[in-house]
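*Asks:* Supplied structure: work37.cif, mmCIF, C-alpha atoms.
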data_coords
loop_
_atom_site.group_PDB
_atom_site.id
_atom_site.type_symbol
_atom_site.label_atom_id
_atom_site.label_comp_id
_atom_site.auth_asym_id
_atom_site.auth_seq_id
_atom_site.Cartn_x
_atom_site.Cartn_y
_atom_site.Cartn_z
ATOM 1 C CA MET A 274 0.000 0.000 0.000
ATOM 2 C CA LYS A 275 1.318 3.426 -0.934
ATOM 3 C CA VAL A 276 2.359 5.601 1.996
ATOM 4 C CA LYS A 277 0.466 8.909 2.067
ATOM 5 C CA MET A 278 1.276 12.267 3.570
ATOM 6 C CA GLU A 279 -1.440 11.648 6.170
ATOM 7 C CA ASP A 280 0.529 8.617 7.397
ATOM 8 C CA VAL A 281 3.653 10.726 7.843
ATOM 9 C CA ALA A 282 1.671 13.393 9.685
ATOM 10 C CA LYS A 283 0.161 10.820 12.058
ATOM 11 C CA LEU A 284 3.534 9.249 12.885
ATOM 12 C CA ALA A 285 5.233 12.628 13.366
ATOM 13 C CA GLY A 286 2.346 13.967 15.470
ATOM 14 C CA VAL A 287 1.721 17.017 13.257
ATOM 15 C CA ASN A 288 -0.875 18.035 10.692
ATOM 16 C CA LYS A 289 -0.663 17.429 6.937
ATOM 17 C CA ALA A 290 0.145 21.080 6.132
ATOM 18 C CA THR A 291 3.165 20.974 8.452
ATOM 19 C CA VAL A 292 4.437 17.833 6.712
ATOM 20 C CA SER A 293 4.113 19.542 3.317
ATOM 21 C CA ARG A 294 5.974 22.655 4.480
ATOM 22 C CA ALA A 295 8.688 20.660 6.248
ATOM 23 C CA LEU A 296 9.419 18.506 3.221
ATOM 24 C CA LYS A 297 9.683 21.638 1.062
ATOM 25 C CA GLY A 298 12.207 23.184 3.470
ATOM 26 C CA ASP A 299 9.903 26.014 4.551
ATOM 27 C CA SER A 300 11.855 28.272 6.936
ATOM 28 C CA ARG A 301 8.732 28.777 9.063
ATOM 29 C CA ILE A 302 9.028 25.185 10.302
ATOM 30 C CA SER A 303 11.467 24.717 13.175
ATOM 31 C CA SER A 304 14.507 22.492 12.667
ATOM 32 C CA ALA A 305 13.250 20.108 15.364
ATOM 33 C CA THR A 306 9.856 19.677 13.680
ATOM 34 C CA ARG A 307 11.455 19.376 10.245
ATOM 35 C CA GLU A 308 13.760 16.626 11.469
ATOM 36 C CA LYS A 309 10.841 14.807 13.107
ATOM 37 C CA VAL A 310 8.878 14.914 9.853
ATOM 38 C CA TRP A 311 11.813 13.705 7.777
ATOM 39 C CA GLU A 312 12.483 10.870 10.217
ATOM 40 C CA ALA A 313 8.841 9.768 9.951
ATOM 41 C CA ALA A 314 8.991 9.997 6.135
ATOM 42 C CA ARG A 315 12.180 7.935 5.992
ATOM 43 C CA SER A 316 10.904 5.251 8.366
ATOM 44 C CA LEU A 317 7.709 4.845 6.337
ATOM 45 C CA GLY A 318 9.463 5.013 2.973
ATOM 46 C CA TYR A 319 7.361 8.003 1.916
ATOM 47 C CA GLN A 320 8.021 9.437 -1.573
ATOM 48 C CA PRO A 321 6.417 12.819 -2.378
ATOM 49 C CA ASP A 322 4.170 12.771 -5.439
ATOM 50 C CA ALA A 323 5.999 14.880 -8.026
ATOM 51 C CA VAL A 324 2.843 15.511 -10.073
ATOM 52 C CA ALA A 325 0.786 16.632 -7.090
ATOM 53 C CA ARG A 326 3.647 18.797 -5.850
ATOM 54 C CA GLY A 327 3.866 20.444 -9.259
ATOM 55 C CA LEU A 328 0.140 21.160 -9.381
ATOM 56 C CA SER A 329 0.143 22.765 -5.945
ATOM 57 C CA SER A 330 3.232 24.891 -6.599
ATOM 58 C CA ASN A 331 2.614 25.622 -10.303
ATOM 59 C CA ARG A 332 6.002 24.039 -11.073
ATOM 60 C CA THR A 333 6.973 20.924 -12.969
ATOM 61 C CA GLY A 334 10.166 20.100 -11.074
ATOM 62 C CA LEU A 335 11.994 19.896 -14.400
ATOM 63 C CA LEU A 336 15.154 21.760 -15.370
ATOM 64 C CA GLY A 337 16.173 21.767 -19.044
ATOM 65 C CA ILE A 338 19.882 21.244 -19.848
ATOM 66 C CA VAL A 339 20.912 21.953 -23.442
ATOM 67 C CA PHE A 340 24.269 20.948 -24.967
ATOM 68 C CA GLU A 341 25.382 21.686 -28.520
ATOM 69 C CA ASP A 342 26.332 18.014 -28.676
ATOM 70 C CA LEU A 343 26.637 15.212 -26.153
ATOM 71 C CA THR A 344 30.063 13.901 -27.152
ATOM 72 C CA SER A 345 32.201 16.281 -25.084
ATOM 73 C CA PRO A 346 34.194 14.350 -22.454
ATOM 74 C CA TRP A 347 33.046 16.711 -19.689
ATOM 75 C CA THR A 348 29.285 16.270 -20.318
ATOM 76 C CA GLY A 349 28.797 13.731 -17.539
ATOM 77 C CA GLU A 350 30.833 15.749 -15.051
ATOM 78 C CA PHE A 351 28.806 18.888 -15.815
ATOM 79 C CA LEU A 352 25.523 17.015 -15.325
ATOM 80 C CA GLY A 353 26.890 15.606 -12.075
ATOM 81 C CA GLY A 354 27.527 19.146 -10.814
ATOM 82 C CA VAL A 355 24.001 20.277 -11.707
ATOM 83 C CA ASP A 356 22.375 17.179 -10.232
ATOM 84 C CA ARG A 357 24.361 17.448 -6.998
ATOM 85 C CA VAL A 358 22.630 20.785 -6.351
ATOM 86 C CA VAL A 359 19.145 20.461 -7.814
ATOM 87 C CA SER A 360 18.384 16.886 -6.711
ATOM 88 C CA LYS A 361 18.334 18.115 -3.114
ATOM 89 C CA GLN A 362 15.298 20.177 -4.112
ATOM 90 C CA HIS A 363 13.727 17.164 -5.886
ATOM 91 C CA TYR A 364 14.392 18.516 -9.383
ATOM 92 C CA SER A 365 14.894 16.266 -12.387
ATOM 93 C CA LEU A 366 16.984 17.067 -15.469
ATOM 94 C CA LEU A 367 15.695 17.045 -19.043
ATOM 95 C CA VAL A 368 18.776 16.828 -21.299
ATOM 96 C CA LYS A 369 18.579 18.009 -24.915
ATOM 97 C CA CYS A 370 20.980 18.432 -27.837
ATOM 98 C CA SER A 371 20.672 21.701 -29.784
ATOM 99 C CA GLY A 372 23.019 21.007 -32.679
ATOM 100 C CA LYS A 373 24.749 23.864 -34.473
ATOM 101 C CA THR A 374 21.995 25.480 -36.544
ATOM 102 C CA GLU A 375 19.515 28.152 -35.534
ATOM 103 C CA ALA A 376 16.629 25.945 -36.688
ATOM 104 C CA GLN A 377 17.722 23.123 -34.368
ATOM 105 C CA ARG A 378 18.100 25.503 -31.425
ATOM 106 C CA LEU A 379 14.623 26.869 -32.052
ATOM 107 C CA LEU A 380 13.110 23.364 -32.065
ATOM 108 C CA VAL A 381 14.774 22.540 -28.749
ATOM 109 C CA ALA A 382 13.629 25.825 -27.187
ATOM 110 C CA ARG A 383 10.048 25.229 -28.315
ATOM 111 C CA ASP A 384 10.114 21.677 -26.983
ATOM 112 C CA LEU A 385 11.337 22.789 -23.563
ATOM 113 C CA ALA A 386 8.764 25.595 -23.464
ATOM 114 C CA SER A 387 5.987 23.117 -24.300
ATOM 115 C CA ARG A 388 7.079 20.940 -21.380
ATOM 116 C CA ASN A 389 6.847 23.929 -19.002
ATOM 117 C CA VAL A 390 10.323 23.436 -17.549
ATOM 118 C CA ASP A 391 10.971 25.657 -14.552
ATOM 119 C CA GLY A 392 14.296 26.868 -15.988
ATOM 120 C CA ILE A 393 16.915 26.202 -18.669
ATOM 121 C CA ILE A 394 20.691 25.855 -18.502
ATOM 122 C CA TRP A 395 22.069 26.362 -22.012
ATOM 123 C CA ILE A 396 25.694 25.500 -22.776
ATOM 124 C CA GLY A 397 26.831 27.618 -25.709
ATOM 125 C CA ARG A 398 25.012 30.394 -27.536
ATOM 126 C CA PRO A 399 21.211 30.192 -27.254
ATOM 127 C CA PHE A 400 19.980 32.321 -30.149
ATOM 128 C CA PHE A 401 16.280 31.666 -30.633
ATOM 129 C CA PRO A 402 13.303 34.053 -31.071
ATOM 130 C CA ILE A 403 11.117 32.597 -28.333
ATOM 131 C CA ALA A 404 10.290 33.682 -24.807
ATOM 132 C CA ILE A 405 11.120 31.202 -22.034
ATOM 133 C CA ASP A 406 9.335 31.205 -18.690
ATOM 134 C CA GLY A 407 11.717 30.880 -15.777
ATOM 135 C CA PRO A 408 15.467 31.545 -15.625
ATOM 136 C CA LEU A 409 17.845 31.081 -18.545
ATOM 137 C CA VAL A 410 21.402 30.363 -17.387
ATOM 138 C CA VAL A 411 23.991 30.544 -20.185
ATOM 139 C CA VAL A 412 27.328 28.739 -19.792
ATOM 140 C CA ASP A 413 30.137 29.655 -22.188
ATOM 141 C CA SER A 414 33.783 30.670 -22.480
ATOM 142 C CA ASP A 415 32.927 34.342 -22.820
ATOM 143 C CA PRO A 416 29.957 36.597 -22.028
ATOM 144 C CA ILE A 417 27.559 37.067 -24.926
ATOM 145 C CA ASP A 418 24.796 39.531 -25.685
ATOM 146 C CA VAL A 419 21.903 37.320 -24.627
ATOM 147 C CA GLU A 420 19.423 38.009 -21.870
ATOM 148 C CA GLY A 421 19.847 35.717 -18.907
ATOM 149 C CA ILE A 422 22.316 34.794 -16.217
ATOM 150 C CA HIS A 423 25.846 34.005 -17.378
ATOM 151 C CA VAL A 424 28.363 31.509 -16.035
ATOM 152 C CA VAL A 425 31.662 32.242 -17.760
ATOM 153 C CA VAL A 426 34.921 30.294 -17.856
ATOM 154 C CA ASP A 427 37.770 32.742 -17.213
ATOM 155 C CA VAL A 428 39.995 31.871 -20.184
ATOM 156 C CA LYS A 429 42.108 34.986 -19.634
ATOM 157 C CA ARG A 430 42.999 33.899 -16.101
ATOM 158 C CA GLY A 431 43.798 30.435 -17.437
ATOM 159 C CA ALA A 432 46.146 31.958 -20.017
ATOM 160 C CA GLU A 433 47.890 33.962 -17.301
ATOM 161 C CA LYS A 434 48.585 30.745 -15.413
ATOM 162 C CA ILE A 435 50.038 29.132 -18.534
ATOM 163 C CA LEU A 436 52.328 32.107 -19.162
ATOM 164 C CA LYS A 437 53.741 31.825 -15.651
ATOM 165 C CA ILE A 438 54.671 28.172 -15.960
ATOM 166 C CA ALA A 439 55.959 28.710 -19.533
ATOM 167 C CA GLU A 440 58.584 31.057 -18.055
ATOM 168 C CA GLY A 441 59.145 33.085 -21.205
ATOM 169 C CA LYS A 442 59.118 30.244 -23.701
ATOM 170 C CA ARG A 443 57.220 30.698 -26.946
ATOM 171 C CA CYS A 444 53.745 29.179 -26.583
ATOM 172 C CA GLU A 445 52.592 26.959 -29.417
ATOM 173 C CA VAL A 446 48.863 26.178 -29.271
ATOM 174 C CA GLU A 447 47.531 23.120 -31.091
ATOM 175 C CA GLU A 448 43.824 23.609 -31.829
ATOM 176 C CA GLY A 449 41.158 21.249 -33.107
ATOM 177 C CA GLU A 450 37.495 21.082 -33.997
ATOM 178 C CA LYS A 451 36.493 20.826 -30.339
ATOM 179 C CA SER A 452 38.897 23.051 -28.454
ATOM 180 C CA PHE A 453 38.374 23.262 -24.715
ATOM 181 C CA PHE A 454 39.193 26.948 -24.334
ATOM 182 C CA LYS A 455 37.985 29.264 -27.098
ATOM 183 C CA GLY A 456 40.242 32.243 -27.779
ATOM 184 C CA LEU A 457 43.190 30.851 -25.798
ATOM 185 C CA ALA A 458 45.891 31.237 -28.484
ATOM 186 C CA PRO A 459 45.666 35.055 -28.885
ATOM 187 C CA LEU A 460 46.026 35.473 -25.116
ATOM 188 C CA LEU A 461 49.402 33.684 -25.238
ATOM 189 C CA LYS A 462 50.964 35.915 -27.890
ATOM 190 C CA GLY A 463 53.951 38.051 -26.975
ATOM 191 C CA ASN A 464 55.471 35.412 -24.721
ATOM 192 C CA GLU A 465 58.379 35.016 -27.109
ATOM 193 C CA SER A 466 61.498 36.164 -25.332
ATOM 194 C CA LEU A 467 63.318 33.215 -26.860
ATOM 195 C CA SER A 468 63.930 32.781 -30.578
ATOM 196 C CA ASP A 469 61.553 30.876 -32.827
ATOM 197 C CA SER A 470 64.094 28.094 -33.050
ATOM 198 C CA SER A 471 63.905 27.446 -29.308
ATOM 199 C CA LEU A 472 61.853 24.541 -28.028
ATOM 200 C CA PRO A 473 58.331 25.942 -27.530
ATOM 201 C CA PHE A 474 55.929 25.337 -24.681
ATOM 202 C CA ARG A 475 53.245 23.166 -26.286
ATOM 203 C CA ILE A 476 49.583 23.633 -25.387
ATOM 204 C CA ILE A 477 47.258 20.912 -26.681
ATOM 205 C CA ASN A 478 43.846 22.602 -26.665
ATOM 206 C CA SER A 479 41.977 19.762 -28.359
ATOM 207 C CA LEU A 480 42.664 16.083 -27.859
ATOM 208 C CA ASN A 481 44.341 14.530 -30.859
ATOM 209 C CA LEU A 482 46.111 11.276 -30.121
ATOM 210 C CA THR A 483 48.489 11.770 -33.034
ATOM 211 C CA THR A 484 49.943 14.866 -31.340
ATOM 212 C CA ILE A 485 50.449 13.225 -27.953
ATOM 213 C CA LYS A 486 53.878 11.658 -27.727
ATOM 214 C CA GLY A 487 54.160 11.336 -23.963
ATOM 215 C CA CYS A 488 56.736 12.163 -21.308
ATOM 216 C CA GLN A 489 57.944 15.382 -22.905
ATOM 217 C CA LYS A 490 58.808 18.460 -20.930
ATOM 218 C CA ASP A 491 57.031 21.778 -21.367
ATOM 219 C CA VAL A 492 53.690 20.373 -22.541
ATOM 220 C CA LEU A 493 50.243 21.289 -21.265
ATOM 221 C CA LEU A 494 47.082 19.337 -22.079
ATOM 222 C CA CYS A 495 43.755 21.146 -21.830
ATOM 223 C CA GLY A 496 41.229 18.917 -20.109
ATOM 224 C CA TYR A 497 41.793 15.201 -19.393
ATOM 225 C CA PRO A 498 43.674 15.614 -16.081
ATOM 226 C CA HIS A 499 44.074 11.858 -15.588
ATOM 227 C CA LEU A 500 45.623 11.431 -19.043
ATOM 228 C CA ALA A 501 47.856 14.472 -18.474
ATOM 229 C CA ARG A 502 49.177 12.952 -15.253
ATOM 230 C CA LEU A 503 49.808 9.623 -16.972
ATOM 231 C CA LEU A 504 51.801 11.380 -19.707
ATOM 232 C CA GLY A 505 53.644 13.691 -17.329
ATOM 233 C CA TYR A 506 52.025 16.860 -18.741
ATOM 234 C CA TYR A 507 50.693 19.986 -17.109
ATOM 235 C CA CYS A 508 46.911 20.306 -17.334
ATOM 236 C CA LEU A 509 44.571 23.271 -17.523
ATOM 237 C CA ASP A 510 41.299 21.566 -16.747
ATOM 238 C CA TRP A 511 37.805 22.491 -17.895
ATOM 239 C CA PRO A 512 35.924 23.122 -14.597
ATOM 240 C CA ALA A 513 32.858 21.158 -15.694
ATOM 241 C CA PHE A 514 31.587 20.011 -12.286
ATOM 242 C CA GLU A 515 31.894 23.487 -10.776
ATOM 243 C CA LEU A 516 30.213 25.069 -13.815
ATOM 244 C CA GLY A 517 27.310 22.665 -13.455
ATOM 245 C CA ALA A 518 26.977 23.240 -9.720
ATOM 246 C CA VAL A 519 27.054 27.023 -10.107
ATOM 247 C CA ALA A 520 24.526 26.953 -12.971
ATOM 248 C CA GLY A 521 22.216 24.722 -10.946
ATOM 249 C CA ARG A 522 22.402 26.941 -7.876
ATOM 250 C CA LEU A 523 21.719 30.099 -9.892
ATOM 251 C CA SER A 524 18.704 28.447 -11.532
ATOM 252 C CA LEU A 525 17.233 27.442 -8.173
ATOM 253 C CA ASN A 526 17.859 30.885 -6.703
ATOM 254 C CA VAL A 527 15.707 32.486 -9.384
ATOM 255 C CA ILE A 528 13.030 29.772 -9.300
ATOM 256 C CA GLN A 529 12.753 30.111 -5.526
ATOM 257 C CA GLY A 530 12.625 33.899 -5.698
ATOM 258 C CA LYS A 531 16.029 34.502 -4.102
ATOM 259 C CA GLY A 532 17.392 36.503 -7.053
ATOM 260 C CA VAL A 533 20.937 36.549 -8.423
ATOM 261 C CA ARG A 534 23.661 39.123 -7.828
ATOM 262 C CA PRO A 535 25.807 39.511 -9.828
ATOM 263 C CA GLU A 536 24.222 38.163 -13.013
ATOM 264 C CA LYS A 537 27.599 36.989 -14.328
ATOM 265 C CA ILE A 538 29.606 34.420 -12.388
ATOM 266 C CA VAL A 539 33.211 33.757 -13.423
ATOM 267 C CA VAL A 540 34.794 30.336 -12.858
ATOM 268 C CA VAL A 541 38.600 30.049 -13.028
ATOM 269 C CA PRO A 542 39.960 26.807 -14.565
ATOM 270 C CA PRO A 543 42.323 24.843 -12.283
ATOM 271 C CA LEU A 544 45.935 24.176 -13.270
ATOM 272 C CA TYR A 545 47.590 20.866 -12.383
ATOM 273 C CA SER A 546 51.265 19.919 -12.235
ATOM 274 C CA PRO A 547 52.594 16.873 -14.127
ATOM 275 C CA GLU A 548 52.249 14.995 -10.808
ATOM 276 C CA GLY A 549 48.544 15.897 -10.610
ATOM 277 C CA ASP A 550 48.806 18.513 -7.859
ATOM 278 C CA VAL A 551 46.909 21.802 -8.043
ATOM 279 C CA ILE A 552 49.206 24.731 -8.818
ATOM 280 C CA SER A 553 48.161 27.916 -7.040
ATOM 281 C CA LEU A 554 49.188 31.009 -9.010
#
Could you quickly redo this structure as structure tokens?
*Replies:*
Amino acid sequence: MKVKMEDVAKLAGVNKATVSRALKGDSRISSATREKVWEAARSLGYQPDAVARGLSSNRTGLLGIVFEDLTSPWTGEFLGGVDRVVSKQHYSLLVKCSGKTEAQRLLVARDLASRNVDGIIWIGRPFFPIAIDGPLVVVDSDPIDVEGIHVVVDVKRGAEKILKIAEGKRCEVEEGEKSFFKGLAPLLKGNESLSDSSLPFRIINSLNLTTIKGCQKDVLLCGYPHLARLLGYYCLDWPAFELGAVAGRLSLNVIQGKGVRPEKIVVVPPLYSPEGDVISL
């Protein structure tokens, strides 16, 4: 037999309204009462009805997450960061792939709007002529002229870290179709105190196994910290988990009426030594 809210209320010795408020984290309910309600819910195996909760709060409990594609190696880590935050508020994730064309982005936006998601986290550049109810959190390498809340990877700060460990050597950036850090190469220009014939400091900004030779000095791999450590390379990592966690928290803040200040949050990518230790610069 399915456990009902009335059963939890009876066991906890409170009324049904108090159970509802306690499970939602209402600040008007004392910590002692909230703990008593949660203990009763756990002992009975009570699971709140997501549909009923949505009807009473005018929310669906869904958060849309949109990637340009789902093949990036950090996709799972990003989703883990979002889920770590929003699952505590009983939110579920609806993951979509926008592709690279404006028509595809528009289809995804319309689909999410039709499902009445409470908010959207969009990785990349969400250009679509459609109004979205709820917060739009945009995650990208640089701020763009789109309404919404922005979570930005600080590529400039990452470049400054690289220049310090390069120690004056000429930086040679190897790009690819799916570079981790957009616009990194121009930020490393001018670090050429040595002649062009000198051994450069290699930065691999997009994984290409043909360029990885292993155990060389003065090489930095963007992303893939475990592989970088195995090869004895430096690593400027893409802060996927932190980006996801920040985007999730900002979304909930708006949904719950807490607001967001500032509306642009900057996340600095971590730098690891060839031994896998964080380098603080």
*Asks:* Can you tell me how far atom CA of Lys437 of chain A sits from atom CA of Val539 of chain A, in Å to one decimal?
*Replies:*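 For atom CA of Lys437 of chain A relative to atom CA of Val539 of chain A, the distance reads 20.7 Å.
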*Asks:* As an exercise, work out the distance from atom CA of Asp550 of chain A to atom CA of Gly349 of chain A in Å and give it to one decimal place.
*Replies:*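 Calculated distance between atom CA of Asp550 of chain A and atom CA of Gly349 of chain A is 22.7 Å.
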*Asks:* Please determine, counting all atoms listed in the file, which residue among A:Ile338, A:Val424, A:Leu352, A:Ile393 has the shortest atom-to-atom distance to Val368 of chain A.
*Replies:*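 The shortest atom-to-atom distance to Val368 of chain A comes from A:Ile338.
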*Asks:* Taking only C-alpha atoms into account, which of A:Val446, A:Leu461, A:Val310, A:Ala305 comes nearest Gly286 of chain A?
*Replies:*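 Answer, going by the shortest atom-to-atom distance: A:Val310.
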*Asks:* Residue by residue, what does the PyMOL selection byres ((chain A and resi 438) around 10) grab here? Present the result as a list in words.
*Replies:*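 Against this file, the PyMOL selection byres ((chain A and resi 438) around 10) returns the residues Glu433, Lys434, Ile435, Leu436, Lys437, Ala439, Glu440, Gly441, Lys442, Phe474, Asp491, Leu493, Tyr507, Leu544, Ser546, Ile552 and Leu554 of chain A.
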*Asks:* I would like the residues chosen by the PyMOL selection byres ((chain A and resi 371-383) around 10) on the shown file; could you give them as a PyMOL selection string?
*Replies:* chain A and resi 337-343+368-370+384-389+393+395-405
*Asks:* List the residues matched by the PyMOL selection byres ((chain A and resi 528) around 10) in the displayed structure as a list in words, ordered by chain and then by residue number.
*Replies:* Arg332, Asp391, Gly392, Gly407, Pro408, Arg522, Leu523, Ser524, Leu525, Asn526, Val527, Gln529, Gly530, Lys531 and Gly532 of chain A
*Asks:* Atom CA of Cys444 of chain A and atom CA of Ile476 of chain A, how far apart in Å?
*Replies:*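 Straight-line distance from atom CA of Ile476 of chain A to atom CA of Cys444 of chain A works out to 7.0 Å.
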*Asks:* Let me make sure I understand: among A:Val426, A:Lys277, A:Ala501, A:Lys451, which one has the smallest atom-to-atom distance to Thr344 of chain A if we use all atoms listed in the file?
*Replies:*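 Checking each of A:Val426, A:Lys277, A:Ala501, A:Lys451 against Thr344 of chain A, counting all atoms listed in the file, the winner is A:Lys451.
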*Asks:* Rank A:Ile394, A:Ile422, A:Leu336, A:Leu480 by their smallest atom-to-atom distance to Glu448 of chain A, using only C-alpha atoms, and report the top residue only.
*Replies:* A:Leu480
*Asks:* What's the 8 Å shell around Asp356 of chain A, counting all atoms listed in the file, without same-chain residues fewer than 3 positions away, as a PyMOL selection string?
*Replies:* chain A and resi 352-353+359-360+365-366+518+521
*Asks:* Using only C-alpha atoms, pick whichever of A:Arg502, A:Ser479, A:His423, A:Val390 has the shortest atom-to-atom distance to Arg534 of chain A.
*Replies:*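 Checking each candidate against Arg534 of chain A, we get A:His423 as the closest.
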*Asks:* Point out the residue among A:Glu312, A:Asp280, A:Glu350, A:Glu445 with the least atom-to-atom distance to Leu460 of chain A, counting only C-alpha atoms.
*Replies:* A:Glu445
*Asks:* Set the distance at 8 Å and use all atoms listed in the file: which residues neighbour Leu509 of chain A once local chain neighbours fewer than 3 positions away are removed? I'd like the list as a list in words.
*Replies:*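 The residues satisfying every condition are Gly431, Leu493, Leu494, Cys495, Gly496, Pro498, Pro542, Pro543, Leu544 and Tyr545 of chain A.
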